[in-house]
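Structure file structure.pdb (PDB, C-alpha atoms, pLDDT in the B column) is printed below.
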ATOM      1  CA  MET G   1      26.423  95.754 -79.406  1.00 64.00           C
ATOM      2  CA  ALA G   2      29.426  95.770 -81.649  1.00 68.00           C
ATOM      3  CA  THR G   3      31.825  96.720 -78.875  1.00 68.00           C
ATOM      4  CA  PRO G   4      35.552  96.165 -79.476  1.00 66.00           C
ATOM      5  CA  SER G   5      35.462  93.040 -77.296  1.00 67.00           C
ATOM      6  CA  LYS G   6      32.823  91.502 -79.578  1.00 75.00           C
ATOM      7  CA  HIS G   7      34.681  92.167 -82.873  1.00 71.00           C
ATOM      8  CA  GLY G   8      36.720  88.995 -82.432  1.00 79.00           C
ATOM      9  CA  ILE G   9      33.680  86.698 -82.420  1.00 85.00           C
ATOM     10  CA  GLY G  10      33.463  84.558 -85.542  1.00 85.00           C
ATOM     11  CA  ILE G  11      31.359  81.843 -87.120  1.00 88.00           C
ATOM     12  CA  GLY G  12      32.022  78.548 -85.324  1.00 86.00           C
ATOM     13  CA  ASP G  13      33.159  80.231 -82.114  1.00 84.00           C
ATOM     14  CA  ALA G  14      31.714  79.072 -78.837  1.00 81.00           C
ATOM     15  CA  VAL G  15      30.235  81.773 -76.615  1.00 83.00           C
ATOM     16  CA  VAL G  16      28.603  81.735 -73.197  1.00 82.00           C
ATOM     17  CA  PHE G  17      25.595  83.863 -72.323  1.00 78.00           C
ATOM     18  CA  HIS G  18      25.539  84.433 -68.571  1.00 77.00           C
ATOM     19  CA  ASP G  19      22.427  85.505 -66.664  1.00 73.00           C
ATOM     20  CA  ARG G  20      23.857  87.387 -63.697  1.00 74.00           C
ATOM     21  CA  ASP G  21      20.579  87.215 -61.774  1.00 76.00           C
ATOM     22  CA  THR G  22      20.343  83.414 -61.801  1.00 78.00           C
ATOM     23  CA  ASP G  23      23.992  82.566 -62.597  1.00 77.00           C
ATOM     24  CA  ARG G  24      22.695  80.310 -65.403  1.00 79.00           C
ATOM     25  CA  LYS G  25      24.904  79.943 -68.462  1.00 79.00           C
ATOM     26  CA  LEU G  26      24.048  78.988 -72.013  1.00 79.00           C
ATOM     27  CA  HIS G  27      26.953  77.690 -74.125  1.00 80.00           C
ATOM     28  CA  VAL G  28      26.350  77.991 -77.875  1.00 82.00           C
ATOM     29  CA  THR G  29      28.186  77.824 -81.203  1.00 84.00           C
ATOM     30  CA  VAL G  30      27.840  80.879 -83.457  1.00 87.00           C
ATOM     31  CA  GLN G  31      26.359  80.015 -86.854  1.00 88.00           C
ATOM     32  CA  GLN G  32      25.737  83.474 -88.317  1.00 89.00           C
ATOM     33  CA  ILE G  33      26.635  87.063 -87.454  1.00 89.00           C
ATOM     34  CA  ILE G  34      24.801  90.072 -88.858  1.00 90.00           C
ATOM     35  CA  ARG G  35      25.806  93.640 -88.122  1.00 90.00           C
ATOM     36  CA  TYR G  36      23.329  96.511 -88.273  1.00 90.00           C
ATOM     37  CA  LEU G  37      24.097 100.218 -88.061  1.00 90.00           C
ATOM     38  CA  SER G  38      21.247 100.947 -85.647  1.00 88.00           C
ATOM     39  CA  PHE G  39      18.315  99.478 -83.769  1.00 87.00           C
ATOM     40  CA  GLU G  40      16.024 100.841 -86.498  1.00 88.00           C
ATOM     41  CA  ASN G  41      17.921  98.839 -89.145  1.00 90.00           C
ATOM     42  CA  LEU G  42      17.752  95.750 -86.930  1.00 90.00           C
ATOM     43  CA  LEU G  43      14.008  96.119 -86.367  1.00 90.00           C
ATOM     44  CA  ARG G  44      13.317  96.665 -90.085  1.00 90.00           C
ATOM     45  CA  SER G  45      15.186  93.470 -90.965  1.00 91.00           C
ATOM     46  CA  GLU G  46      14.358  91.057 -88.161  1.00 88.00           C
ATOM     47  CA  ASP G  47      11.077  89.624 -86.924  1.00 86.00           C
ATOM     48  CA  THR G  48      10.395  91.619 -83.758  1.00 85.00           C
ATOM     49  CA  THR G  49       8.669  88.648 -82.140  1.00 83.00           C
ATOM     50  CA  SER G  50      11.955  86.774 -82.342  1.00 77.00           C
ATOM     51  CA  ILE G  51      13.582  89.596 -80.372  1.00 79.00           C
ATOM     52  CA  ASP G  52      10.796  89.939 -77.815  1.00 81.00           C
ATOM     53  CA  PRO G  53       7.784  87.660 -78.278  1.00 80.00           C
ATOM     54  CA  ASN G  54       5.832  89.293 -75.432  1.00 83.00           C
ATOM     55  CA  GLY G  55       6.385  92.997 -76.030  1.00 81.00           C
ATOM     56  CA  PRO G  56       4.658  95.341 -78.453  1.00 88.00           C
ATOM     57  CA  PRO G  57       6.932  96.121 -81.429  1.00 87.00           C
ATOM     58  CA  SER G  58       6.288  99.846 -81.005  1.00 88.00           C
ATOM     59  CA  GLU G  59       7.971  99.756 -77.574  1.00 90.00           C
ATOM     60  CA  LEU G  60      11.012  97.771 -78.657  1.00 89.00           C
ATOM     61  CA  PRO G  61      13.271 100.692 -79.725  1.00 87.00           C
ATOM     62  CA  ALA G  62      12.840 102.416 -76.348  1.00 88.00           C
ATOM     63  CA  ARG G  63      13.376  99.151 -74.466  1.00 86.00           C
ATOM     64  CA  LEU G  64      16.552  98.384 -76.433  1.00 85.00           C
ATOM     65  CA  ARG G  65      17.881 101.870 -75.698  1.00 85.00           C
ATOM     66  CA  GLY G  66      17.069 101.338 -72.031  1.00 85.00           C
ATOM     67  CA  ILE G  67      19.474  98.392 -72.073  1.00 81.00           C
ATOM     68  CA  TYR G  68      22.014  99.807 -74.526  1.00 81.00           C
ATOM     69  CA  PRO G  69      22.493 103.595 -74.406  1.00 80.00           C
ATOM     70  CA  SER G  70      22.936 105.552 -77.631  1.00 80.00           C
ATOM     71  CA  ALA G  71      26.683 105.807 -76.972  1.00 80.00           C
ATOM     72  CA  LYS G  72      26.874 102.044 -77.458  1.00 81.00           C
ATOM     73  CA  GLU G  73      24.347 101.912 -80.317  1.00 81.00           C
ATOM     74  CA  VAL G  74      26.666 104.066 -82.458  1.00 83.00           C
ATOM     75  CA  LEU G  75      29.161 101.171 -82.326  1.00 84.00           C
ATOM     76  CA  GLY G  76      26.671  99.058 -84.278  1.00 86.00           C
ATOM     77  CA  VAL G  77      24.276  96.264 -83.403  1.00 87.00           C
ATOM     78  CA  LEU G  78      25.216  92.587 -83.734  1.00 86.00           C
ATOM     79  CA  THR G  79      22.873  89.636 -84.020  1.00 84.00           C
ATOM     80  CA  LEU G  80      24.195  86.141 -83.447  1.00 82.00           C
ATOM     81  CA  SER G  81      22.418  83.051 -84.729  1.00 83.00           C
ATOM     82  CA  PHE G  82      23.320  79.867 -82.911  1.00 80.00           C
ATOM     83  CA  ASP G  83      22.190  76.361 -82.084  1.00 69.00           C
ATOM     84  CA  HIS G  84      21.592  74.903 -78.642  1.00 61.00           C
ATOM     85  CA  ARG G  85      24.186  72.169 -78.668  1.00 58.00           C
ATOM     86  CA  PRO G  86      26.812  72.469 -75.951  1.00 54.00           C
ATOM     87  CA  ALA G  87      29.959  74.181 -77.158  1.00 48.00           C
ATOM     88  CA  ARG G  88      33.468  74.137 -75.703  1.00 50.00           C
ATOM     89  CA  PRO G  89      35.820  75.900 -75.261  1.00 48.00           C
ATOM     90  CA  SER G  90      33.704  78.969 -74.702  1.00 46.00           C
ATOM     91  CA  ARG G  91      34.148  82.687 -74.710  1.00 46.00           C
ATOM     92  CA  PRO G  92      32.275  84.350 -71.846  1.00 51.00           C
ATOM     93  CA  ILE G  93      29.982  87.231 -72.683  1.00 56.00           C
ATOM     94  CA  PRO G  94      28.447  88.372 -69.383  1.00 57.00           C
ATOM     95  CA  MET G  95      24.844  89.382 -69.947  1.00 56.00           C
ATOM     96  CA  THR G  96      21.922  90.523 -67.874  1.00 60.00           C
ATOM     97  CA  ALA G  97      18.541  88.864 -68.330  1.00 62.00           C
ATOM     98  CA  GLU G  98      17.442  91.827 -70.465  1.00 68.00           C
ATOM     99  CA  GLU G  99      20.504  91.534 -72.686  1.00 65.00           C
ATOM    100  CA  TYR G 100      19.948  87.801 -73.040  1.00 60.00           C
ATOM    101  CA  ALA G 101      16.373  88.476 -74.162  1.00 64.00           C
ATOM    102  CA  GLN G 102      17.842  90.306 -77.150  1.00 66.00           C
ATOM    103  CA  THR G 103      19.406  87.053 -78.344  1.00 61.00           C
ATOM    104  CA  VAL G 104      16.035  85.353 -78.783  1.00 56.00           C
ATOM    105  CA  GLY G 105      16.093  86.278 -82.471  1.00 52.00           C
ATOM    106  CA  ALA G 106      19.073  83.993 -82.876  1.00 49.00           C
ATOM    107  CA  PHE G 107      16.903  80.938 -82.228  1.00 46.00           C
ATOM    108  CA  ARG G 108      15.310  81.248 -85.665  1.00 43.00           C
ATOM    109  CA  THR G 109      16.552  79.606 -88.804  1.00 41.00           C
ATOM    110  CA  PRO G 110      19.096  81.904 -90.477  1.00 45.00           C
ATOM    111  CA  SER G 111      17.713  83.708 -93.491  1.00 44.00           C
ATOM    112  CA  THR G 112      19.384  85.494 -96.343  1.00 42.00           C
ATOM    113  CA  ARG G 113      19.553  89.267 -96.314  1.00 42.00           C
TER     114      ARG G 113
END

Here is a file; write its structure as structure tokens.
Amino acid sequence: MATPSKHGIGIGDAVVFHDRDTDRKLHVTVQQIIRYLSFENLLRSEDTTSIDPNGPPSELPARLRGIYPSAKEVLGVLTLSFDHRPARPSRPIPMTAEEYAQTVGAFRTPSTR
């Protein structure tokens, strides 16, 4: 979500995705940032299997809203593309496992919009 705390993230920044359930952390370097006005815009533009490879696309809007309520969706939706090389220093972004699953789309090769 494009919350005020996320507005400062830029290309080349290091961020940390933190799975609170397992305490695992993934340090990455941001390569591309795309902002969408809504989940519908996101789902029209991105490959839904890159967001959730195991779930039916028809269920994705409801699942996203289960993680991010509409009050947060109105702030906008951010996608981050990144590589898997370790990055330091990092900026922590605490995430649940469900939130981390939303970053799966960032593992694809960036495309032009």

> So, counting only C-alpha atoms, which residue among G:Arg63, G:Ile33, G:Gly55, G:Leu75 is closest to Ile11 of chain G?
Replying inline: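 Among the listed residues, G:Ile33 lies closest to Ile11 of chain G.
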
>> List the spatial neighbours of Val30 of chain G as a list in words - criterion: any atom at most 8 Å away, only C-alpha atoms, same-chain residues fewer than 3 positions off excluded.
In response: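 In the requested form, the answer reads Gly10, Ile11, Gly12, Asp13, Ala14, Val15, Ile33, Leu80, Ser81, Phe82 and Asp83 of chain G.
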
> Which residues, protein or nucleic acid, reach to within 12 Å of (11.5, 99.4, -76.6) in the file's coordinates when using all atoms listed in the file, and can you give that as a ChimeraX atom specification?
Replying inline: /G:39-40,43,48,51-52,54-69,98,102

Deliver the residues from the most recent selection as a file, using C-alpha atoms, as a PDB file, in the coordinates of the input.
ATOM      1  CA  PHE G  39      18.315  99.478 -83.769  1.00 87.00           C
ATOM      2  CA  GLU G  40      16.024 100.841 -86.498  1.00 88.00           C
ATOM      3  CA  LEU G  43      14.008  96.119 -86.367  1.00 90.00           C
ATOM      4  CA  THR G  48      10.395  91.619 -83.758  1.00 85.00           C
ATOM      5  CA  ILE G  51      13.582  89.596 -80.372  1.00 79.00           C
ATOM      6  CA  ASP G  52      10.796  89.939 -77.815  1.00 81.00           C
ATOM      7  CA  ASN G  54       5.832  89.293 -75.432  1.00 83.00           C
ATOM      8  CA  GLY G  55       6.385  92.997 -76.030  1.00 81.00           C
ATOM      9  CA  PRO G  56       4.658  95.341 -78.453  1.00 88.00           C
ATOM     10  CA  PRO G  57       6.932  96.121 -81.429  1.00 87.00           C
ATOM     11  CA  SER G  58       6.288  99.846 -81.005  1.00 88.00           C
ATOM     12  CA  GLU G  59       7.971  99.756 -77.574  1.00 90.00           C
ATOM     13  CA  LEU G  60      11.012  97.771 -78.657  1.00 89.00           C
ATOM     14  CA  PRO G  61      13.271 100.692 -79.725  1.00 87.00           C
ATOM     15  CA  ALA G  62      12.840 102.416 -76.348  1.00 88.00           C
ATOM     16  CA  ARG G  63      13.376  99.151 -74.466  1.00 86.00           C
ATOM     17  CA  LEU G  64      16.552  98.384 -76.433  1.00 85.00           C
ATOM     18  CA  ARG G  65      17.881 101.870 -75.698  1.00 85.00           C
ATOM     19  CA  GLY G  66      17.069 101.338 -72.031  1.00 85.00           C
ATOM     20  CA  ILE G  67      19.474  98.392 -72.073  1.00 81.00           C
ATOM     21  CA  TYR G  68      22.014  99.807 -74.526  1.00 81.00           C
ATOM     22  CA  PRO G  69      22.493 103.595 -74.406  1.00 80.00           C
ATOM     23  CA  GLU G  98      17.442  91.827 -70.465  1.00 68.00           C
ATOM     24  CA  GLN G 102      17.842  90.306 -77.150  1.00 66.00           C
TER      25      GLN G 102
END

Expected selection from the PyMOL selection byres ((chain G and resi 74) around 9), given as a compact mmCIF listing (two decimals) with C-alpha atoms, in the frame of the given file:
# COMPACT_ATOMS: atom_id res chain seq x y z
CA MET G 1 26.42 95.75 -79.41
CA ALA G 2 29.43 95.77 -81.65
CA LEU G 37 24.10 100.22 -88.06
CA SER G 38 21.25 100.95 -85.65
CA SER G 70 22.94 105.55 -77.63
CA ALA G 71 26.68 105.81 -76.97
CA LYS G 72 26.87 102.04 -77.46
CA GLU G 73 24.35 101.91 -80.32
CA LEU G 75 29.16 101.17 -82.33
CA GLY G 76 26.67 99.06 -84.28
CA VAL G 77 24.28 96.26 -83.40

>> Report, in Å with one decimal, the straight-line distance from atom CA of Phe17 of chain G to atom CA of Thr79 of chain G.
In response: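 Atom CA of Thr79 of chain G lies at a distance of 13.3 Å from atom CA of Phe17 of chain G.
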
>> Please report the interatomic distance between atom CA of Glu46 of chain G and atom CA of Gln31 of chain G in Å with one decimal.
In response: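 Value for the atom CA of Glu46 of chain G-atom CA of Gln31 of chain G distance: 16.4 Å.
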
> Between atom CA of Leu78 of chain G and atom CA of His7 of chain G, what is the spacing in Å?
Replying inline: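 Result for atom CA of His7 of chain G versus atom CA of Leu78 of chain G: 9.5 Å, one decimal.
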